[in-house]
Structures are given as structure tokens and as C-alpha cells.
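K.L.:
Just passing along the structure, written as C-alpha cells.
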Amino acid sequence: MESTQDYMRAVGERARRASKTLASAPVARRNAALRAIAEAIAGSRDSLLAANLEDVERGSESGLDAALMDRLTLTEPGIDALLASLEQVATLPDPVGAIDDVRTMDSGIRVGTMRVPLGVIGMIYESRPNVTIEAASLCLKSGNAAILRGGSESISSNRALGRCIALGLEQVGLPQAAIQVVDRVDRAAVGELITMPEYVDIVIPRGGKGLIERIAKEARVPVLKHLDGICHVFIHADADPQKALAIAVNAKTQRYGTCNTMETLLIDAAASALLPPMAEAMANLGVELRGCTKARNVAPAITLAATEEDWQTEYLAPILSIRVVEGLEGAMAHIDQYGSGHTDSIVTDNHSIAMRFLREVDSSSVMINASTRFADGFEYGLGAEIGISTDKLHARGPVGLLGLTSCKYVVFGDGQTRQ
């Protein structure tokens, strides 16, 4: 059996060759490949669900926590969502080759920028088999080859999805190596993937903080990442009570194991009367509530004291920290100190306060009167997302097609020479 190093280098070599073909493939063929993959998935529902069941059973036996099990499970509606995502990506405008900002200089030359693929994208992720298709679709549409390395807990699902991807590519005459699912589950495969700059142009990790910290530390290629999703909802004094209740409950309870789930609820001291029904509603849904002294005094449903560690924790579980703050300044100070730069929302009917929050909160997504759960590529109309970046270079927030391209300058001349 070949070593993991030899295996990964062979994967990288194939990806680099395939990236050249994919970058020059017309958009009609790339779109046809997306639809062919969707057809393959639709025709493989039973085998996909059976493969996923193998993963779920292994995960249960090995004691995976509830958040990971939630991410691991693939359902019939989940397959429908994958098919919808593939179709939406197929209908999006093609970013590759688009020329923008053309302007004529004094010399007579015209200068613009052209969108180009990044090349080969290495994707490292845990649990979520849906990421295999989301990453594949966005890389394919944006003209990038992809090396997809899912977690060992989802290997059966990813192998099955990889077969659908390969079939779709083959049907339209694109190289199967354009999208490769790594068939090795040992940690050494990750180590090789992130240290092959001759084959890989950028690495995008999605998973736990430990995984992402390791990749950021050890990688020899650029990394697009976010470490934590410590998201806040701030209920301002001028919030509509019904909106505030609905948004807060949805942001926390619609799904627990996602990076855009609210982890800390901030309540303006002047709006503290809105806290008891919120706390009661969440407690009734099984959420463990941890609050500051003021919050516990206001809302009897908050039975546990919040600690300094709570403000810094991404629970990914039915646990919520709650703090009473003094107005907008108090909320922004808390977010500035404890936030992770992911997603933060304000609930208020005061336009000037809302706009200050938008301008001054330094996160990749900032919202007014909306649940943090909307911080998602599909919900933003990107078709899907390959990840969410809290970095400030190249791409920020949900990363869709544009985030998977770069620009090169293009110059149009008519015989000009520089004087």
C-alpha cells in the first residue's frame, strides 16, 4: 500500500493538471457538470442514506457529541437541499473571465481587472457531508480544482458523494481529478495537504477550533478561516417586543450546532422587561441559561451564574449566556472584548442606533432586526458557501464564488510605448 505522503502527492499532481483544464472550460460545461452531479445524487438517494447511516452508527458508538451528530446526519430534506444548492450555483453568473473597472489612462492604454480562479483549493472539514457538495459545486463553478478531505466520522458518506461527483464530471467530459475526495482518514493526510504549495494554492478549514488552529500553525499555503462563532444578539431599548422575542429564540434554538448560532444574548438595561419572556421561552425549549447578576435578578428562568469563561465560549449546544448592558455603548464594548468577528445582530426600531451598530461593530456579518442564523452563503444568495472567513484579506464573511477567485490586471493597447 502506498504511503500517505505518496498518495497525497499523487492527488495533488492530478489536481494541478486538472485545474488547467477546468480554468479554461466554458461555463456551459461547468454548469452541465453541476447538473449532472445533481442527477447522480438524485439517483443515489438510497445508497447515500445507507452510507450516511453507517457513519451515524459509528459516530453514536464512538460517543460523538450532539452537535457533531447533528452535523453528521444526512436526511431526505438534506439531500433536497443539496440538489437545490447545486441548481442555484449553476444559475449564478460566471465570475471567471469577467473584466471590470476598465479605464483609459493618459498614455492611451486601457487598464482593467479580470477575475481568475485561484487554482487548487484544499478543503478540510469535519462531520458535515453536505460540505462535500457545497465545496465541490463552488470550486467547480469558479473554475478551481478541489481536494476535499472530510473527517473520518463521515468517510462512508463522503465516498458515496465522491462517486456522484466523479460520475457527473465524467458525463460532461471534465477530468474526474478536478474534484477529488481524499480516501485516507489518518491525520497525516491533512499534514500533507497543507504543506504542498506546489500543488495547493489555498486551504480552507471548517471544523473545531483545535483543527483550525493546527492548520493555521502548520500550513505552508495560505489559509482562509474562522476560529470561533461567538455570535451576539443585542436587544436595544427601542426594540419591538415581538421581533425581539422571535429573533432571539430563533437565533439560539433554530439549530444549535452551527457557527452562526447566537451564544450570548445582550439586553439593554432599559429593555430589561423584555428579558423574562425570552428567558422563559428558551428554558421551555430546554436551553440552559447562564446570566449575569442583573439578568438573574430580572428573569427567574435564568438559574445559573455566568462566568468570565461563558462570554468567551462557543457552546454549539443548548446553552446561552445572557448579560444586561448599558445601552449601545455597553453592547458594543462587550462585543469588541468577547466577539469572534463572525456575526452580530441588533434588534431596534431606532434607525440611527442601528446604523451606528452596522458601522462600528467589526464583524464579517452585522445585522439589523434579523436572526444570526441568516449568516450563510445559501441565505445570502451565494448558492452555497465554502466557509465563513473572519480574516480581512481576500475574502470576508460567507465565501462564495467571488471569494474563490482572484484578479489580474489586463491592459488593452494600440501600439503605445512608454515615454
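Every chain in the C-alpha cells has a letter given in the order shown (A, B, ...), and although residue numbers restart at 1 in each chain, ligands are simply numbered from 1 in the order shown.
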If you run DSSP on the backbone, which residues of stretch 246-314 of chain A are alpha helix (DSSP H), as a ChimeraX atom specification?
P.N.:
/A:246-253,275-284,293-298,308-311
K.L.:
With only C-alpha atoms as the counted atoms, please give the residues lying no more than 10 Å from stretch 324-335 of chain A, apart from itself and same-chain residues fewer than 3 positions off, as a PyMOL selection string.
P.N.:
chain A and resi 230-237+264-272+275+291-296+298+311+338-341+344+346+353-354+356-357+360-363
K.L.:
Nearest to A:Gly162 among A:Ala301, A:Ile37, A:Ala42, A:Ala273, with distances taken over only C-alpha atoms: which residue is it?
P.N.:
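Closest to A:Gly162 of all the choices is A:Ile37.
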K.L.:
Counting only C-alpha atoms, which residue out of A:Asp106, A:Asp80, A:Glu192, A:Glu280 sits closest to A:Asp6?
P.N.:
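Looking only at the distances to A:Asp6, the closest residue turns out to be A:Glu192.
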K.L.:
Compile the contact shell of stretch 65-71 of chain A as a ChimeraX atom specification: residues with an atom at most 10 Å away, counting only C-alpha atoms, same-chain residues fewer than 5 positions apart removed.
P.N.:
/A:55-57,59-60,126-131,153-154,207-208,255-258,315-318
K.L.:
To one decimal place, how far is atom CA of A:Gln254 from atom CA of A:Leu148 in Å?
P.N.:
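Separation of atom CA of A:Gln254 and atom CA of A:Leu148: 28.3 Å.
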K.L.:
Please report the interatomic distance between atom CA of A:Gly415 and atom CA of A:Val102 in Å with one decimal.
P.N.:
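Interatomic distance, atom CA of A:Gly415 to atom CA of A:Val102: 17.9 Å.
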K.L.:
Mind checking which residues fall within 12 Å of A:Met105, counting only C-alpha atoms, ignoring those fewer than 6 positions away in the same chain, and posting them as a short mmCIF file (atom, residue, chain, number, x, y, z; two decimals) with C-alpha atoms, in the first residue's frame?
P.N.:
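Listing of part-v3.cif after writing:
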data_model
loop_
_atom_site.label_atom_id
_atom_site.label_comp_id
_atom_site.auth_asym_id
_atom_site.auth_seq_id
_atom_site.Cartn_x
_atom_site.Cartn_y
_atom_site.Cartn_z
CA VAL A 111 -6.49 49.10 -17.78
CA GLY A 112 -8.94 46.76 -16.08
CA VAL A 411 -4.19 46.06 -20.40
CA PHE A 412 -5.57 46.93 -23.83
CA GLY A 413 -3.25 48.90 -26.07
CA GLN A 416 1.53 52.56 -27.18
CA ARG A 418 6.13 54.30 -22.57
#
K.L.:
Find the residues around A:Tyr7 up to 10 Å (only C-alpha atoms counted), leave out those fewer than 5 positions away in its own chain, and share them as an NGL selection string.
P.N.:
:A and (1-2 or 12 or 182-184 or 189 or 192)
